[in-house]
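One file, work-v1.cif, is given below (mmCIF, C-alpha atoms and all ligand atoms).
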data_data
loop_
_atom_site.label_atom_id
_atom_site.label_comp_id
_atom_site.auth_asym_id
_atom_site.auth_seq_id
_atom_site.Cartn_x
_atom_site.Cartn_y
_atom_site.Cartn_z
CA MET J 1227 87.05 115.14 111.84
CA ALA J 1228 90.50 115.31 110.23
CA GLN J 1229 93.48 115.87 112.49
CA PRO J 1230 95.36 119.21 112.29
CA ASN J 1231 98.44 117.50 110.82
CA ASP J 1232 96.54 115.96 107.87
CA PRO J 1233 98.58 116.96 104.77
CA ALA J 1234 95.37 117.09 102.72
CA LEU J 1235 93.93 120.03 104.70
CA ARG J 1236 93.47 123.33 102.87
CA SER J 1237 92.52 126.74 104.22
CA TRP J 1238 90.16 129.37 102.82
CA ILE J 1239 93.05 131.77 103.41
CA ASP J 1240 95.39 132.01 100.45
CA ILE J 1241 98.73 130.56 101.54
CA ALA J 1242 101.84 130.42 99.34
CA PRO J 1243 103.42 126.95 99.03
CA THR J 1244 106.66 128.47 100.36
CA SER J 1245 104.99 129.82 103.51
CA ASP J 1246 106.26 128.59 106.87
CA PHE J 1247 102.74 128.75 108.22
CA PRO J 1248 100.32 126.44 106.39
CA ILE J 1249 97.18 125.19 108.11
CA GLN J 1250 99.13 122.14 109.35
CA ASN J 1251 101.49 124.30 111.44
CA LEU J 1252 99.47 126.77 113.60
CA PRO J 1253 102.27 128.01 115.89
CA PHE J 1254 101.48 130.19 118.91
CA GLY J 1255 102.84 133.67 119.63
CA VAL J 1256 102.08 137.01 121.33
CA PHE J 1257 101.48 140.23 119.41
CA ASP J 1258 100.52 143.89 119.75
CA LYS J 1259 98.56 145.88 117.24
CA ASP J 1260 98.51 149.70 117.14
CA GLU J 1261 94.80 150.39 117.51
CA GLN J 1262 94.14 148.00 120.40
CA PRO J 1263 95.42 148.21 123.96
CA GLY J 1264 97.49 145.36 125.34
CA PRO J 1265 99.02 142.20 123.91
CA ARG J 1266 97.12 139.18 122.63
CA LEU J 1267 97.89 135.57 121.84
CA GLY J 1268 97.78 134.61 118.20
CA VAL J 1269 98.33 131.80 115.74
CA ALA J 1270 100.29 132.32 112.51
CA ILE J 1271 98.47 131.33 109.32
CA GLY J 1272 100.04 132.26 105.98
CA GLU J 1273 100.71 136.01 106.06
CA TYR J 1274 98.15 136.53 108.84
CA VAL J 1275 97.81 136.25 112.59
CA LEU J 1276 94.64 134.76 113.98
CA ASP J 1277 93.77 136.74 117.11
CA LEU J 1278 92.84 134.11 119.71
CA TYR J 1279 91.26 136.64 122.08
CA ALA J 1280 88.97 137.83 119.30
CA VAL J 1281 88.19 134.22 118.34
CA ALA J 1282 87.24 133.55 121.97
CA GLN J 1283 85.09 136.69 122.15
CA PHE J 1284 83.10 135.55 119.13
CA GLY J 1285 82.34 132.36 121.02
CA PHE J 1286 84.30 129.90 118.91
CA PHE J 1287 86.01 128.36 121.95
CA GLU J 1288 82.85 128.32 124.10
CA ASP J 1289 82.41 124.53 124.12
CA LEU J 1290 86.08 123.65 124.65
CA ASP J 1291 86.22 123.60 128.46
CA LEU J 1292 89.32 125.76 128.76
CA GLY J 1293 88.57 126.63 132.37
CA PRO J 1294 87.80 129.84 134.27
CA LYS J 1295 90.77 131.76 132.80
CA MET J 1296 88.91 132.00 129.48
CA PRO J 1297 89.04 134.30 127.58
CA LYS J 1298 91.55 136.39 129.60
CA VAL J 1299 94.21 133.74 129.05
CA PHE J 1300 94.39 134.95 125.43
CA ARG J 1301 95.04 138.54 126.47
CA ARG J 1302 98.40 138.22 128.16
CA GLY J 1303 101.94 139.34 127.40
CA ALA J 1304 103.28 135.80 127.26
CA LEU J 1305 102.08 132.27 126.47
CA ASN J 1306 102.82 131.01 130.00
CA SER J 1307 99.25 131.09 131.34
CA PHE J 1308 97.88 129.42 128.22
CA ILE J 1309 100.61 126.75 128.35
CA SER J 1310 99.75 126.16 132.03
CA LEU J 1311 96.27 125.00 130.96
CA GLY J 1312 97.94 121.76 129.84
CA ARG J 1313 98.27 119.66 126.74
CA PRO J 1314 94.55 118.82 126.37
CA ALA J 1315 93.84 122.58 126.20
CA TRP J 1316 96.62 123.31 123.65
CA ARG J 1317 95.39 120.44 121.53
CA ALA J 1318 91.76 121.50 121.74
CA VAL J 1319 92.62 125.07 120.70
CA ARG J 1320 94.87 123.94 117.82
CA GLN J 1321 92.17 121.51 116.66
CA ARG J 1322 89.47 124.22 116.80
CA VAL J 1323 91.68 126.78 115.01
CA SER J 1324 92.41 124.17 112.34
CA GLU J 1325 88.67 123.55 111.90
CA LEU J 1326 87.88 127.28 111.69
CA LEU J 1327 90.48 127.81 108.97
CA ARG J 1328 89.54 124.84 106.76
CA HIS J 1329 88.41 125.73 103.25
CA ASP J 1330 85.01 124.10 103.68
CA ASN J 1331 84.11 125.59 107.07
CA PRO J 1332 81.97 128.76 106.69
CA ALA J 1333 81.79 129.60 110.44
CA LEU J 1334 84.54 132.22 110.37
CA ARG J 1335 85.04 132.46 106.61
CA ASP J 1336 81.53 133.75 105.93
CA ASN J 1337 81.13 135.85 109.08
CA GLU J 1338 82.58 139.12 107.85
CA GLU J 1339 82.49 140.92 111.17
CA ALA J 1340 84.26 138.07 112.97
CA MET J 1341 86.75 137.58 110.17
CA ARG J 1342 87.76 141.26 110.21
CA ALA J 1343 88.17 141.17 113.98
CA CYS J 1344 90.08 137.89 114.14
CA LEU J 1345 92.54 138.18 111.24
CA VAL J 1346 95.33 140.71 111.06
CA ARG J 1347 98.28 140.84 108.67
CA GLN J 1348 101.59 139.86 110.25
CA ARG J 1349 103.21 142.99 108.86
CA GLU J 1350 100.73 145.10 110.88
CA VAL J 1351 101.62 143.62 114.26
CA ARG J 1352 104.60 143.71 116.59
CA MET J 1353 105.59 140.34 117.98
CA ARG J 1354 106.62 139.94 121.60
CA ARG J 1355 108.91 137.42 123.22
CA PRO J 1356 106.56 134.42 123.19
CA VAL J 1357 107.15 133.21 126.73
CA LYS J 1358 108.41 134.75 129.93
CA PRO J 1359 111.14 132.26 130.81
CA ARG J 1360 111.97 132.10 134.49
CA ASN J 1361 114.82 129.76 133.71
CA TYR J 1362 117.12 129.23 130.76
CA THR J 1363 119.49 126.31 130.35
CA ASP J 1364 121.92 125.92 127.47
CA PHE J 1365 123.09 122.46 126.44
CA TYR J 1366 126.09 121.45 124.32
CA SER J 1367 124.57 118.55 122.42
CA SER J 1368 126.08 118.65 118.92
CA ILE J 1369 128.98 116.22 118.71
CA GLU J 1370 130.39 118.11 115.72
CA HIS J 1371 130.35 121.43 117.61
CA ALA J 1372 131.85 119.96 120.78
CA THR J 1373 134.52 118.22 118.72
CA ASN J 1374 135.40 121.39 116.78
CA VAL J 1375 135.68 123.47 119.93
CA GLY J 1376 137.79 120.74 121.55
CA ILE J 1377 140.15 120.68 118.54
CA MET J 1378 140.52 124.45 118.54
CA PHE J 1379 140.93 125.06 122.25
CA ARG J 1380 142.34 121.84 123.70
CA ASP J 1381 143.70 118.74 122.06
CA PRO J 1382 142.85 117.53 118.53
CA ALA J 1383 143.65 113.96 119.56
CA ASN J 1384 141.22 114.09 122.50
CA ALA J 1385 138.75 116.70 121.32
CA LEU J 1386 135.77 115.37 123.30
CA LEU J 1387 136.17 115.43 127.05
CA PRO J 1388 135.70 112.01 128.74
CA ASN J 1389 132.22 112.90 130.06
CA TRP J 1390 130.73 114.14 126.76
CA ARG J 1391 129.31 110.84 125.44
CA HIS J 1392 127.81 110.04 128.84
CA ILE J 1393 126.15 113.32 129.92
CA PRO J 1394 124.12 115.94 128.01
CA ILE J 1395 126.48 118.76 129.07
CA GLY J 1396 124.81 122.05 129.98
CA TYR J 1397 124.95 125.17 132.12
CA HIS J 1398 122.39 127.51 133.62
CA GLY J 1399 122.14 130.64 131.50
CA ARG J 1400 120.49 134.02 131.99
CA ALA J 1401 116.74 134.27 131.34
CA SER J 1402 116.29 138.04 131.80
CA SER J 1403 118.26 139.00 128.68
CA ILE J 1404 116.39 136.72 126.26
CA VAL J 1405 114.80 139.00 123.65
CA VAL J 1406 112.48 138.54 120.71
CA SER J 1407 113.65 138.51 117.11
CA GLY J 1408 114.23 142.00 115.71
CA THR J 1409 115.69 143.38 118.94
CA ASP J 1410 119.08 145.01 118.39
CA ILE J 1411 122.02 143.48 120.25
CA ARG J 1412 124.58 145.83 121.76
CA ARG J 1413 128.17 144.61 121.56
CA PRO J 1414 129.19 143.86 125.15
CA ASN J 1415 132.10 145.38 126.99
CA GLY J 1416 134.06 142.98 129.08
CA GLN J 1417 137.32 141.75 130.41
CA ARG J 1418 139.52 139.80 128.03
CA LYS J 1419 143.14 138.79 127.74
CA ALA J 1420 144.92 137.59 124.63
CA PRO J 1421 147.16 134.57 125.34
CA ASP J 1422 150.28 136.62 124.69
CA ALA J 1423 149.14 139.70 126.63
CA ALA J 1424 150.71 140.40 130.01
CA ALA J 1425 147.46 141.51 131.66
CA PRO J 1426 143.72 141.66 130.94
CA THR J 1427 141.99 144.80 129.63
CA PHE J 1428 138.37 145.96 129.68
CA GLY J 1429 136.55 147.07 126.53
CA PRO J 1430 134.31 146.09 123.61
CA SER J 1431 134.42 142.42 122.67
CA GLN J 1432 136.55 141.89 119.56
CA GLN J 1433 135.21 138.38 118.96
CA LEU J 1434 131.44 138.71 118.91
CA ASP J 1435 129.73 135.59 117.56
CA PHE J 1436 126.35 133.95 117.07
CA GLU J 1437 125.35 130.38 117.91
CA LEU J 1438 122.76 128.60 115.76
CA GLU J 1439 120.51 126.79 118.20
CA MET J 1440 116.94 125.66 118.79
CA ALA J 1441 115.25 125.81 122.17
CA PHE J 1442 112.28 123.95 123.58
CA VAL J 1443 109.66 125.56 125.79
CA VAL J 1444 108.70 123.61 128.91
CA GLY J 1445 104.96 122.94 128.79
CA LYS J 1446 104.49 121.09 132.05
CA GLY J 1447 106.47 121.77 135.19
CA THR J 1448 107.64 119.38 137.90
CA HIS J 1449 107.76 119.64 141.66
CA LEU J 1450 111.06 119.99 143.45
CA GLY J 1451 112.38 116.49 143.99
CA GLU J 1452 110.41 114.98 141.12
CA THR J 1453 112.17 113.26 138.23
CA VAL J 1454 110.95 112.59 134.67
CA PRO J 1455 111.34 109.09 133.20
CA ILE J 1456 112.59 109.41 129.64
CA GLN J 1457 109.48 107.86 128.09
CA TYR J 1458 107.47 110.79 129.52
CA ALA J 1459 109.98 113.54 128.77
CA GLU J 1460 108.17 114.89 125.72
CA ASP J 1461 104.96 115.30 127.75
CA HIS J 1462 106.78 118.25 129.34
CA ILE J 1463 107.58 120.01 126.04
CA PHE J 1464 105.18 122.57 124.55
CA GLY J 1465 107.09 123.46 121.41
CA LEU J 1466 110.24 124.82 119.81
CA VAL J 1467 111.71 128.15 118.75
CA LEU J 1468 114.82 129.22 116.86
CA PHE J 1469 117.47 130.48 119.26
CA ASN J 1470 120.55 132.64 118.72
CA ASP J 1471 122.85 132.35 121.71
CA TRP J 1472 125.04 135.41 121.04
CA SER J 1473 128.54 134.85 122.42
CA ALA J 1474 131.60 137.03 123.05
CA ARG J 1475 134.45 134.57 122.52
CA ASP J 1476 137.24 136.73 123.94
CA ILE J 1477 135.31 137.40 127.16
CA GLN J 1478 134.22 133.75 127.30
CA SER J 1479 137.69 132.22 126.87
CA TRP J 1480 139.21 134.38 129.65
CA GLU J 1481 136.40 134.01 132.21
CA TYR J 1482 135.12 130.45 131.78
CA VAL J 1483 137.68 128.58 133.90
CA PRO J 1484 136.73 126.98 136.22
CA LEU J 1485 132.97 127.63 136.50
CA GLY J 1486 131.84 127.93 132.87
CA PRO J 1487 130.15 130.57 130.70
CA PHE J 1488 129.15 133.85 132.38
CA LEU J 1489 129.27 137.41 130.99
CA GLY J 1490 130.45 136.25 127.56
CA LYS J 1491 126.95 134.81 127.11
CA SER J 1492 124.53 136.66 129.39
CA PHE J 1493 124.36 139.98 127.50
CA GLY J 1494 121.66 138.62 125.18
CA SER J 1495 120.00 135.69 123.43
CA SER J 1496 117.35 136.01 120.71
CA VAL J 1497 114.27 133.84 120.12
CA SER J 1498 111.90 133.56 117.18
CA PRO J 1499 108.38 134.81 117.98
CA TRP J 1500 106.35 131.73 116.94
CA VAL J 1501 106.43 128.57 119.04
CA VAL J 1502 105.89 125.55 116.79
CA THR J 1503 104.22 122.83 118.82
CA LEU J 1504 105.71 119.39 119.21
CA ASP J 1505 102.40 118.13 117.79
CA ALA J 1506 102.99 120.01 114.50
CA LEU J 1507 106.50 118.56 114.26
CA GLU J 1508 105.34 114.96 114.70
CA PRO J 1509 105.59 114.05 110.94
CA PHE J 1510 109.26 115.05 110.97
CA ARG J 1511 110.44 112.80 113.77
CA VAL J 1512 113.73 111.00 112.99
CA ALA J 1513 116.24 108.86 114.82
CA GLY J 1514 119.33 110.70 116.02
CA PRO J 1515 122.91 109.50 115.60
CA VAL J 1516 123.82 106.13 117.10
CA GLN J 1517 125.01 106.72 120.65
CA GLU J 1518 128.22 104.92 121.52
CA PRO J 1519 128.69 103.90 124.23
CA GLU J 1520 125.04 103.25 125.05
CA PRO J 1521 123.86 105.88 127.56
CA LEU J 1522 123.12 104.95 131.15
CA LEU J 1523 119.70 103.39 131.64
CA TYR J 1524 117.88 106.59 132.69
CA LEU J 1525 118.92 108.25 129.40
CA ARG J 1526 118.25 105.28 127.14
CA GLN J 1527 115.53 105.99 124.57
CA LEU J 1528 113.82 103.38 122.45
CA ASP J 1529 112.00 105.59 119.95
CA ALA J 1530 113.02 108.37 117.58
CA HIS J 1531 113.31 111.64 119.51
CA ASN J 1532 115.08 113.87 117.00
CA PHE J 1533 113.36 116.15 114.48
CA ASP J 1534 114.45 116.81 110.90
CA ILE J 1535 114.54 120.63 110.88
CA LYS J 1536 116.60 122.34 108.21
CA LEU J 1537 118.41 125.45 109.43
CA GLU J 1538 120.07 128.38 107.67
CA VAL J 1539 122.08 131.39 108.81
CA ASP J 1540 122.36 134.65 106.86
CA LEU J 1541 124.87 137.38 107.60
CA GLN J 1542 124.06 140.84 106.22
CA PRO J 1543 126.51 143.70 106.60
CA GLU J 1544 125.01 147.18 107.03
CA ASN J 1545 123.55 148.52 103.73
CA SER J 1546 124.63 145.39 101.87
CA ALA J 1547 123.31 142.06 100.59
CA ALA J 1548 122.89 139.01 102.81
CA THR J 1549 125.00 135.88 102.39
CA THR J 1550 123.85 132.46 103.56
CA ILE J 1551 126.90 131.34 105.53
CA SER J 1552 125.63 128.08 107.06
CA ARG J 1553 123.13 125.29 106.44
CA SER J 1554 122.67 122.77 109.22
CA ASN J 1555 120.01 120.41 110.60
CA PHE J 1556 118.53 119.94 114.07
CA GLY J 1557 118.19 116.20 113.37
CA LEU J 1558 121.97 115.83 113.73
CA MET J 1559 121.95 116.46 117.49
CA TYR J 1560 123.66 113.70 119.46
CA TRP J 1561 121.58 114.23 122.60
CA SER J 1562 117.82 114.55 122.06
CA MET J 1563 115.49 117.02 123.79
CA ALA J 1564 113.99 114.10 125.72
CA GLN J 1565 117.41 113.12 127.03
CA GLN J 1566 118.22 116.74 127.91
CA LEU J 1567 114.97 117.15 129.83
CA THR J 1568 115.23 113.85 131.69
CA HIS J 1569 118.84 114.56 132.58
CA HIS J 1570 117.92 118.08 133.75
CA ALA J 1571 115.27 116.68 136.10
CA SER J 1572 117.29 113.66 137.21
CA ASN J 1573 118.58 115.35 140.36
CA GLY J 1574 115.13 116.60 141.37
CA CYS J 1575 115.55 120.15 140.04
CA ASN J 1576 112.07 121.49 139.29
CA LEU J 1577 111.10 122.49 135.75
CA GLU J 1578 108.80 125.49 135.29
CA VAL J 1579 106.31 126.25 132.52
CA GLY J 1580 107.88 128.62 130.01
CA ASP J 1581 111.47 127.62 130.77
CA LEU J 1582 113.70 127.66 127.70
CA TYR J 1583 116.21 124.87 127.19
CA ALA J 1584 118.51 125.51 124.25
CA SER J 1585 120.21 122.78 122.29
CA GLY J 1586 123.72 124.15 122.04
CA THR J 1587 125.28 125.17 118.74
CA ILE J 1588 124.00 122.99 115.92
CA SER J 1589 126.96 122.19 113.69
CA GLY J 1590 127.00 119.63 110.92
CA PRO J 1591 129.88 117.55 109.60
CA THR J 1592 130.78 119.77 106.62
CA PRO J 1593 132.53 123.20 106.52
CA ASP J 1594 129.34 124.89 105.29
CA SER J 1595 127.16 123.43 108.06
CA LEU J 1596 128.89 124.96 111.08
CA GLY J 1597 126.75 126.89 113.56
CA SER J 1598 129.06 129.70 114.73
CA MET J 1599 131.60 132.17 113.30
CA LEU J 1600 134.17 130.59 115.62
CA GLU J 1601 133.90 127.38 113.63
CA LEU J 1602 133.06 128.80 110.17
CA ALA J 1603 136.20 130.99 110.27
CA TRP J 1604 138.06 128.40 112.36
CA ARG J 1605 139.12 130.73 115.15
CA GLY J 1606 139.90 133.51 112.68
CA THR J 1607 142.25 131.45 110.48
CA ARG J 1608 139.94 131.14 107.44
CA PRO J 1609 137.76 134.26 107.14
CA VAL J 1610 134.26 133.74 105.75
CA PRO J 1611 133.75 135.47 102.34
CA LEU J 1612 130.56 137.53 101.92
CA ALA J 1613 128.61 138.45 98.80
CA ASP J 1614 129.73 142.09 98.92
CA GLY J 1615 133.41 141.13 98.70
CA SER J 1616 134.13 141.62 102.39
CA GLU J 1617 134.97 138.84 104.81
CA ARG J 1618 134.41 138.08 108.47
CA LYS J 1619 136.27 136.36 111.27
CA PHE J 1620 133.70 137.55 113.81
CA LEU J 1621 130.71 139.92 113.71
CA GLN J 1622 131.13 143.64 113.02
CA ASP J 1623 128.93 146.51 114.18
CA GLY J 1624 125.97 146.88 111.81
CA ASP J 1625 125.93 143.18 110.89
CA THR J 1626 122.54 141.49 110.96
CA VAL J 1627 122.35 137.75 111.65
CA THR J 1628 119.17 135.96 110.58
CA MET J 1629 118.39 132.31 111.24
CA ARG J 1630 115.59 130.37 109.59
CA GLY J 1631 114.28 126.87 110.16
CA PHE J 1632 111.77 124.62 108.45
CA CYS J 1633 110.75 120.99 108.00
CA GLU J 1634 109.82 119.74 104.55
CA LYS J 1635 108.43 116.39 103.46
CA ASP J 1636 106.00 115.21 100.77
CA GLY J 1637 105.13 118.78 99.81
CA LEU J 1638 104.36 119.82 103.39
CA ARG J 1639 106.45 122.62 104.88
CA ILE J 1640 106.30 123.47 108.58
CA GLY J 1641 108.45 126.50 109.34
CA PHE J 1642 109.61 128.61 112.25
CA GLY J 1643 109.89 131.97 110.51
CA GLU J 1644 113.11 133.62 111.56
CA VAL J 1645 115.13 134.99 114.42
CA THR J 1646 117.09 138.08 113.49
CA GLY J 1647 119.21 140.65 115.30
CA LYS J 1648 121.53 143.52 114.42
CA ILE J 1649 124.76 144.35 116.20
CA LEU J 1650 125.03 147.86 117.65
CA PRO J 1651 128.35 149.41 118.69
CA ALA J 1652 129.41 148.91 122.31
CA SER J 1653 128.46 151.61 124.75
CA ALA J 1654 131.29 153.87 125.89
CA GLY J 1655 133.01 152.66 129.04
CA CA J 1701 125.24 128.06 123.37
#
Write-out of the structure in structure tokens:
Amino acid sequence: MAQPNDPALRSWIDIAPTSDFPIQNLPFGVFDKDEQPGPRLGVAIGEYVLDLYAVAQFGFFEDLDLGPKMPKVFRRGALNSFISLGRPAWRAVRQRVSELLRHDNPALRDNEEAMRACLVRQREVRMRRPVKPRNYTDFYSSIEHATNVGIMFRDPANALLPNWRHIPIGYHGRASSIVVSGTDIRRPNGQRKAPDAAAPTFGPSQQLDFELEMAFVVGKGTHLGETVPIQYAEDHIFGLVLFNDWSARDIQSWEYVPLGPFLGKSFGSSVSPWVVTLDALEPFRVAGPVQEPEPLLYLRQLDAHNFDIKLEVDLQPENSAATTISRSNFGLMYWSMAQQLTHHASNGCNLEVGDLYASGTISGPTPDSLGSMLELAWRGTRPVPLADGSERKFLQDGDTVTMRGFCEKDGLRIGFGEVTGKILPASAG
């Protein structure tokens, strides 16, 4: 039986060549549909969602040994319980879904009752946040981003701090305010102080920004005290989502000394609804940048642990056309996900299923590949021109930011869909 990643596979569902969701992808998500009570787990295929609870009810998973939680595990508000079943279960389900959707398999295709129950158009469902993250960590792993921020805020001659090439820098973020794509983001109020101001004031952030990131979902937890050797790090990763780490730069720059990001970050982060599995991304594995100096032994990786994922950011003012303001690539990251995870666990801190670990802003080496307004407009000194003739230093109320990501090779496209969010005015007081 062909493997789910086989580029020769075709589905009996009509799928456009430009779709993010061909039969080789099969990402997992959670959706609601009007006429049925409660959320369900689904798999994206072309313009459709395959309802995994319905698939289970029709008996298509009967022989897979998914344990006693079947089929209830497919009728939850988050992927966490399903992910907790472990990699053999995720793989068995993805393999079976792949088989059911193949052009030459009549089992679902020719069973009209089952097909009607199991397939629903994506435009007819509401997607939920795919996981309930109990923990969220944000790294700082793009050397271009860290260098740019160092040039702007500290010393151009010593832009990278002395620890940066030795440690995947990170901080513990806020999990409760992570929302699914499409959720509006309210401009935060906060305390800020311009360098030349005598005293701080409290009010709406004047420097609201996005951060182009990807995040991985922890698929296998660890016990407190346990560490993860780097060669096993990816065993703990379920898959990836697009991640917008909204940031209020004025609040951030006043509050962050000496303990790091706090309220300038915790008002909201947005995730894309479909989790693309690490298995689906396997054909797009690439080596990351050469690391100099060589990392300490526990962070040393022998194989390729980066992934070639093309990324784009659109900014759309209210009632106006969108402009693509950045094109970057996840493959540029200096520190890999494996190194981030192994470092995170190296002190014995326990990982939990569903945790989200974000990459940090993904900036490239060119002016059009920067992953934040802070860098694109270079701290407000070179405003970003938009298609409607306006320009931006930071985000305005009514602006919508949309990020997309996809891998492409030899005619195969594995995509993430998008993560989008619109800025609402700050609340009074
Ligand atoms: Ca960030």
Practice task
Could the residues that lie within 6 Å of ligand CA 1701 (chain J), counting only C-alpha atoms and all ligand atoms, be listed as a list of chain:residue names?
Solution key: J:Asp1364, J:Glu1437, J:Asp1471, J:Gly1586, J:Thr1587
Practice task
Determine the nearest neighbour of J:Gln1417 from the options J:Arg1475, J:Lys1295, J:Arg1526, J:Arg1342, counting all atoms listed in the file.
Solution key: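 Among the listed residues, the smallest separation from J:Gln1417 belongs to J:Arg1475.
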Problem - Nearest to J:Gln1565, chosen from J:Asp1623, J:Glu1538, J:Glu1460, J:Glu1520, with only C-alpha atoms counted in the distances - result: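 Nearest to J:Gln1565: J:Glu1460.
With all atoms listed in the file as the atoms that count, the residue of J:Asn1306, J:Val1501, J:Val1281, J:Ala1385 with the shortest distance to J:Ala1340 is J:Val1281.
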Exercise for the section: Report the distance between atom CA of J:Asn1389 and atom CA of J:Ala1564 in Å, rounded to one decimal place. Expected result: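 One can read the atom CA of J:Asn1389 to atom CA of J:Ala1564 distance as 18.8 Å.
The coordinates place atom CA of J:Leu1290 at 26.4 Å from atom CA of J:Asp1581.
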Handout entry: J:Asp1534 surroundings by all atoms listed in the file, 7 Å radius, close-in-sequence under 6 positions cut, as a ChimeraX atom specification
Key = /J:1510-1512,1555-1557,1633
Practice task
Select, from J:Asp1614, J:Asp1435, J:Glu1518, J:Asp1260, the residue with the minimum atom-to-atom distance to J:Gly1597, counting all atoms listed in the file.
Solution key: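 Looking at the shortest contact to J:Gly1597, the residue is J:Asp1435.
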Exercise for the section: Go through J:His1462, J:His1569, J:Arg1608, J:Arg1328 one by one, measure the shortest atom-to-atom distance of each to J:Pro1248 using all atoms listed in the file, and give the residue with the smallest value. Expected result: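 The closest residue to J:Pro1248 is J:Arg1328.
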Problem - For atom CA of J:Leu1386 and atom CA of J:Arg1553, the interatomic separation in Å (one decimal) - result: 23.3 Å
Practice task
Pick out the residues sitting within 9 Å of J:Ser1407, and hand them over as a list in words; count all atoms listed in the file, and ignore anything fewer than 2 positions along from it in its own chain.
Solution key: Met1353, Arg1354, Arg1355, Val1405, Thr1409, Asp1410, Ser1496, Val1497, Ser1498, Pro1499, Thr1628, Glu1644, Val1645, Thr1646 and Gly1647 of chain J
Next, dump the selected residues to file, keeping only C-alpha atoms, as a short mmCIF file (atom, residue, chain, number, x, y, z; two decimals), in the frame of the given file.
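Now in result-v5.cif:
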data_model
loop_
_atom_site.label_atom_id
_atom_site.label_comp_id
_atom_site.auth_asym_id
_atom_site.auth_seq_id
_atom_site.Cartn_x
_atom_site.Cartn_y
_atom_site.Cartn_z
CA MET J 1353 105.59 140.34 117.98
CA ARG J 1354 106.62 139.94 121.60
CA ARG J 1355 108.91 137.42 123.22
CA VAL J 1405 114.80 139.00 123.65
CA THR J 1409 115.69 143.38 118.94
CA ASP J 1410 119.08 145.01 118.39
CA SER J 1496 117.35 136.01 120.71
CA VAL J 1497 114.27 133.84 120.12
CA SER J 1498 111.90 133.56 117.18
CA PRO J 1499 108.38 134.81 117.98
CA THR J 1628 119.17 135.96 110.58
CA GLU J 1644 113.11 133.62 111.56
CA VAL J 1645 115.13 134.99 114.42
CA THR J 1646 117.09 138.08 113.49
CA GLY J 1647 119.21 140.65 115.30
#
Counting only C-alpha atoms, which residues sit no farther than 10 Å from the position (135.5, 143.8, 122.4) in the file's frame? I'd like them as a CSV table (one decimal) with C-alpha atoms, in the frame of the given file.
chain,number,residue,atom,x,y,z
J,1413,ARG,CA,128.2,144.6,121.6
J,1414,PRO,CA,129.2,143.9,125.2
J,1415,ASN,CA,132.1,145.4,127.0
J,1416,GLY,CA,134.1,143.0,129.1
J,1417,GLN,CA,137.3,141.8,130.4
J,1418,ARG,CA,139.5,139.8,128.0
J,1427,THR,CA,142.0,144.8,129.6
J,1428,PHE,CA,138.4,146.0,129.7
J,1429,GLY,CA,136.6,147.1,126.5
J,1430,PRO,CA,134.3,146.1,123.6
J,1431,SER,CA,134.4,142.4,122.7
J,1432,GLN,CA,136.6,141.9,119.6
J,1433,GLN,CA,135.2,138.4,119.0
J,1434,LEU,CA,131.4,138.7,118.9
J,1474,ALA,CA,131.6,137.0,123.0
J,1475,ARG,CA,134.4,134.6,122.5
J,1476,ASP,CA,137.2,136.7,123.9
J,1477,ILE,CA,135.3,137.4,127.2
J,1651,PRO,CA,128.4,149.4,118.7
J,1652,ALA,CA,129.4,148.9,122.3
Completion exercise
Using only C-alpha atoms, the residue out of J:Gly1399, J:Gly1303, J:Gly1615, J:Pro1294 with shortest distance to J:Ala1548 is J:Gly1615
Practice task
Tell me which protein, DNA and RNA residues are within 12 Å of J:Gln1457, counting all atoms listed in the file, leaving out same-chain ones fewer than 6 positions away, and put them as number ranges by chain.
Solution key: J: 1523-1531, 1563-1565, 1567-1568
Handout entry: Surrounding residues of J:Arg1266 excluding itself and chain neighbours under 2 positions, 10 Å, all atoms listed in the file, as JSON, numbers by chain
Key = {"J": [1255, 1256, 1257, 1258, 1259, 1262, 1263, 1264, 1268, 1277, 1278, 1279, 1280, 1298, 1299, 1300, 1301, 1302, 1303, 1304, 1305, 1353, 1354]}
Exercise for the section: Find the spatial neighbours of J:Asn1231, counting all atoms listed in the file, within a cut-off of 8 Å - ignore same-chain residues fewer than 5 positions away - and output them as number ranges by chain. Expected result: J: 1250-1251, 1506, 1509
Handout entry: Spatial sel., origin (89.5, 117.0, 111.1), limit 10 Å, all atoms listed in the file, listed as an MDAnalysis selection string
Key = chainID J and resid 1227:1232 1235 1321:1322 1324:1325 1328
